[in-house]
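Asks: One structure follows; several queries about it will come next.
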Amino acid sequence: MEKADAVEATPLIQRMLTTLLSIIPDKGRPGSDARRAIGDLMASTYVSLYDGTLGPALVNCLDLVRLSGVALPMMGLVRLQLEAEAPFTLGATMVRDYALNMVLAEQALIITNMTFNSRQDVDELIMMVQMAFTGPEESTADNMDSETYRGLIELRASLINHLVTVGLPLPEMLVYEFAVPMPSLLISQRLYADTSRYEEIRNENKVVHPLFCPIVGQALSA
């Protein structure tokens, strides 16, 4: 990489690494390993960019952060931070796009290991995936990088196919309405003939007091 490109790309990658550090859980060996790898890369970012060895080190950092137990929305913060970057040099732009694509790949891995309670959750995530891939796909197409563009298209298609398959057997979210406020136990009995699902009612509707649930709420269809 040219010196000017590496000079601009260095703080860009270091900002990304700083964001990664901020989302790692405080406890656990995987988190410690991730922080150590990120610290090493932060100290050698310019050299790694200049000699072309950044890729494997960056992927290793992302893998370790994912394995530390980071949730999808937290990894999404890293993606949003990269999308906000506006580099001037071609080299720094390519580095930004590469890093963004790697974050998308990590998010895909997180999604494939998620469990879902309702089809609505899956549908909302499908919309998020569509939006997340739009920018990188357009940028890659503008750069005429056909191989990367094809990889992004295939990853998005594979991820959406996975989500559709997972979502098909799940129950849907339905709206219920009663004449007066009721305890979550009674609502659970009325809806499912099973009082043990009262916590599900509370969580789905963010009930403040379990004795006085709102008269209108959401519940799984089965």
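By order of appearance in the structure tokens: chains A, B, ..., then residues from 1 within every chain, and ligands from 1 in the order shown.
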Tell me, as a list in words, which residues lie within 7 Å of range 14-18 of chain A, counting only C-alpha atoms; anything in the same chain fewer than 2 positions away does not count.
Replies: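 These residues fall inside the cut-off: Thr10, Pro11, Leu12, Leu20, Leu21, Ser22, Ile38, Met42, Val78 and Leu82 of chain A.
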Asks: Find the nearest atom pair between each residue of range 41-87 of chain A and range 134-146 of chain A for residues within 12 Å, count only C-alpha atoms, give distances in Å to one decimal, sort rows by chain and ascending number, and present the table as a Markdown table.
Replies:
| residue | atom | partner | partner_atom | distance |
| --- | --- | --- | --- | --- |
| A:Arg79 | CA | A:Pro136 | CA | 10.3 |
| A:Leu80 | CA | A:Gly135 | CA | 10.8 |
| A:Leu82 | CA | A:Pro136 | CA | 10.6 |
| A:Glu83 | CA | A:Gly135 | CA | 8.1 |
| A:Ala84 | CA | A:Gly135 | CA | 11.2 |
Asks: Can I get the selected residues back with C-alpha atoms, as a PDB file, in the first residue's frame?
Replies:
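Written output follows (selection_7.pdb):
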ATOM      1  CA  ARG A  79     -20.572  -1.767  11.202  1.00  0.00           C
ATOM      2  CA  LEU A  80     -22.262   1.604  11.672  1.00  0.00           C
ATOM      3  CA  LEU A  82     -17.288   1.952   9.552  1.00  0.00           C
ATOM      4  CA  GLU A  83     -20.187   3.093   7.373  1.00  0.00           C
ATOM      5  CA  ALA A  84     -19.752   6.599   8.798  1.00  0.00           C
TER       6      ALA A  84
END
Asks: Tell me, which residues of range 40-193 of chain A carry DSSP strand (DSSP E or B), written as a list in words?
Replies: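 These are the residues in question: Met173, Leu174, Val175, Tyr176, Glu177 and Met182 of chain A.
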Asks: With C-alpha atoms kept, could you save the residues just selected as a PDB file, in the first residue's frame?
Replies:
ATOM      1  CA  MET A 173     -47.059 -12.776  17.173  1.00  0.00           C
ATOM      2  CA  LEU A 174     -50.741 -11.901  17.612  1.00  0.00           C
ATOM      3  CA  VAL A 175     -52.463  -8.965  19.312  1.00  0.00           C
ATOM      4  CA  TYR A 176     -54.868  -9.708  22.166  1.00  0.00           C
ATOM      5  CA  GLU A 177     -57.307  -7.362  23.907  1.00  0.00           C
ATOM      6  CA  MET A 182     -55.485  -8.530  34.264  1.00  0.00           C
TER       7      MET A 182
END
Asks: Kindly indicate which residue among A:Ala57, A:Leu67, A:Glu124, A:Leu90 lies nearest to Met102 in chain A, using only C-alpha atoms for the distances.
Replies: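 Of A:Ala57, A:Leu67, A:Glu124, A:Leu90, the one nearest Met102 in chain A is A:Ala57, counting only C-alpha atoms.
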Asks: Out of A:Leu163, A:Ile215, A:Leu186, A:Val59, which residue has the shortest atom-to-atom distance to Thr115 in chain A when counting only C-alpha atoms?
Replies: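 With only C-alpha atoms as the atom set, the closest residue is A:Leu163.
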Asks: What's the 10 Å shell around Ser184 in chain A, counting only C-alpha atoms, without same-chain residues fewer than 3 positions away, as a list in words?
Replies: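 Skipping anything fewer than 3 positions along the chain leaves Pro181, Ile187, Ser188, Gln189, Arg190, Thr195, Ser196, Arg197, Tyr198, Glu199, Glu200, Ile201, Arg202, Val207, His209, Pro210, Leu211, Phe212, Cys213 and Pro214 of chain A.
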Asks: Point out the residue among A:Glu154, A:Asp194, A:Glu8, A:Glu172 with the least atom-to-atom distance to Asp123 in chain A, counting only C-alpha atoms.
Replies: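 Closest to Asp123 in chain A, using only C-alpha atoms: A:Glu172.
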Asks: With distances taken over only C-alpha atoms, which of A:Gly151, A:Gly217, A:Gly167, A:Gly52 is nearest to Asp5 in chain A?
Replies: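 Ranked by minimum distance to Asp5 in chain A, first place goes to A:Gly52.
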Asks: List the spatial neighbours of Asn161 in chain A as number ranges by chain - criterion: any atom at most 12 Å away, only C-alpha atoms, same-chain residues fewer than 4 positions off excluded.
Replies: A: 108, 112, 122-123, 126, 129, 154-157, 165-168
Asks: Based on the backbone DSSP call, show me all residues of range 150-221 of chain A assigned alpha helix (DSSP H), as a ChimeraX atom specification.
Replies: /A:150-167,184-192,198-205
Asks: Using C-alpha atoms, can you write the selected residues to a file as a PDB file, in the first residue's frame?
Replies:
ATOM      1  CA  ARG A 150     -20.523 -11.891  -5.878  1.00  0.00           C
ATOM      2  CA  GLY A 151     -19.385 -13.026  -2.427  1.00  0.00           C
ATOM      3  CA  LEU A 152     -21.586 -10.432  -0.716  1.00  0.00           C
ATOM      4  CA  ILE A 153     -24.601 -11.377  -2.817  1.00  0.00           C
ATOM      5  CA  GLU A 154     -24.096 -15.055  -2.010  1.00  0.00           C
ATOM      6  CA  LEU A 155     -23.628 -14.360   1.710  1.00  0.00           C
ATOM      7  CA  ARG A 156     -26.781 -12.275   1.903  1.00  0.00           C
ATOM      8  CA  ALA A 157     -28.797 -14.866  -0.041  1.00  0.00           C
ATOM      9  CA  SER A 158     -27.504 -17.699   2.135  1.00  0.00           C
ATOM     10  CA  LEU A 159     -28.244 -15.782   5.331  1.00  0.00           C
ATOM     11  CA  ILE A 160     -31.784 -14.863   4.299  1.00  0.00           C
ATOM     12  CA  ASN A 161     -32.460 -18.429   3.185  1.00  0.00           C
ATOM     13  CA  HIS A 162     -31.313 -19.619   6.620  1.00  0.00           C
ATOM     14  CA  LEU A 163     -33.603 -17.143   8.369  1.00  0.00           C
ATOM     15  CA  VAL A 164     -36.603 -18.036   6.224  1.00  0.00           C
ATOM     16  CA  THR A 165     -36.041 -21.726   6.929  1.00  0.00           C
ATOM     17  CA  VAL A 166     -35.723 -21.081  10.664  1.00  0.00           C
ATOM     18  CA  GLY A 167     -38.776 -18.825  10.727  1.00  0.00           C
ATOM     19  CA  SER A 184     -50.100 -11.948  33.748  1.00  0.00           C
ATOM     20  CA  LEU A 185     -51.002 -15.331  35.302  1.00  0.00           C
ATOM     21  CA  LEU A 186     -54.648 -14.927  34.310  1.00  0.00           C
ATOM     22  CA  ILE A 187     -53.758 -13.760  30.802  1.00  0.00           C
ATOM     23  CA  SER A 188     -51.515 -16.778  30.392  1.00  0.00           C
ATOM     24  CA  GLN A 189     -54.375 -19.042  31.472  1.00  0.00           C
ATOM     25  CA  ARG A 190     -56.873 -17.321  29.150  1.00  0.00           C
ATOM     26  CA  LEU A 191     -54.594 -17.459  26.106  1.00  0.00           C
ATOM     27  CA  TYR A 192     -52.879 -20.813  26.516  1.00  0.00           C
ATOM     28  CA  TYR A 198     -46.917 -15.669  32.518  1.00  0.00           C
ATOM     29  CA  GLU A 199     -43.287 -14.535  32.269  1.00  0.00           C
ATOM     30  CA  GLU A 200     -43.517 -14.748  28.486  1.00  0.00           C
ATOM     31  CA  ILE A 201     -46.478 -12.345  28.613  1.00  0.00           C
ATOM     32  CA  ARG A 202     -44.555  -9.956  30.855  1.00  0.00           C
ATOM     33  CA  ASN A 203     -41.420  -9.983  28.702  1.00  0.00           C
ATOM     34  CA  GLU A 204     -43.181  -9.610  25.356  1.00  0.00           C
ATOM     35  CA  ASN A 205     -45.144  -6.574  26.590  1.00  0.00           C
TER      36      ASN A 205
END
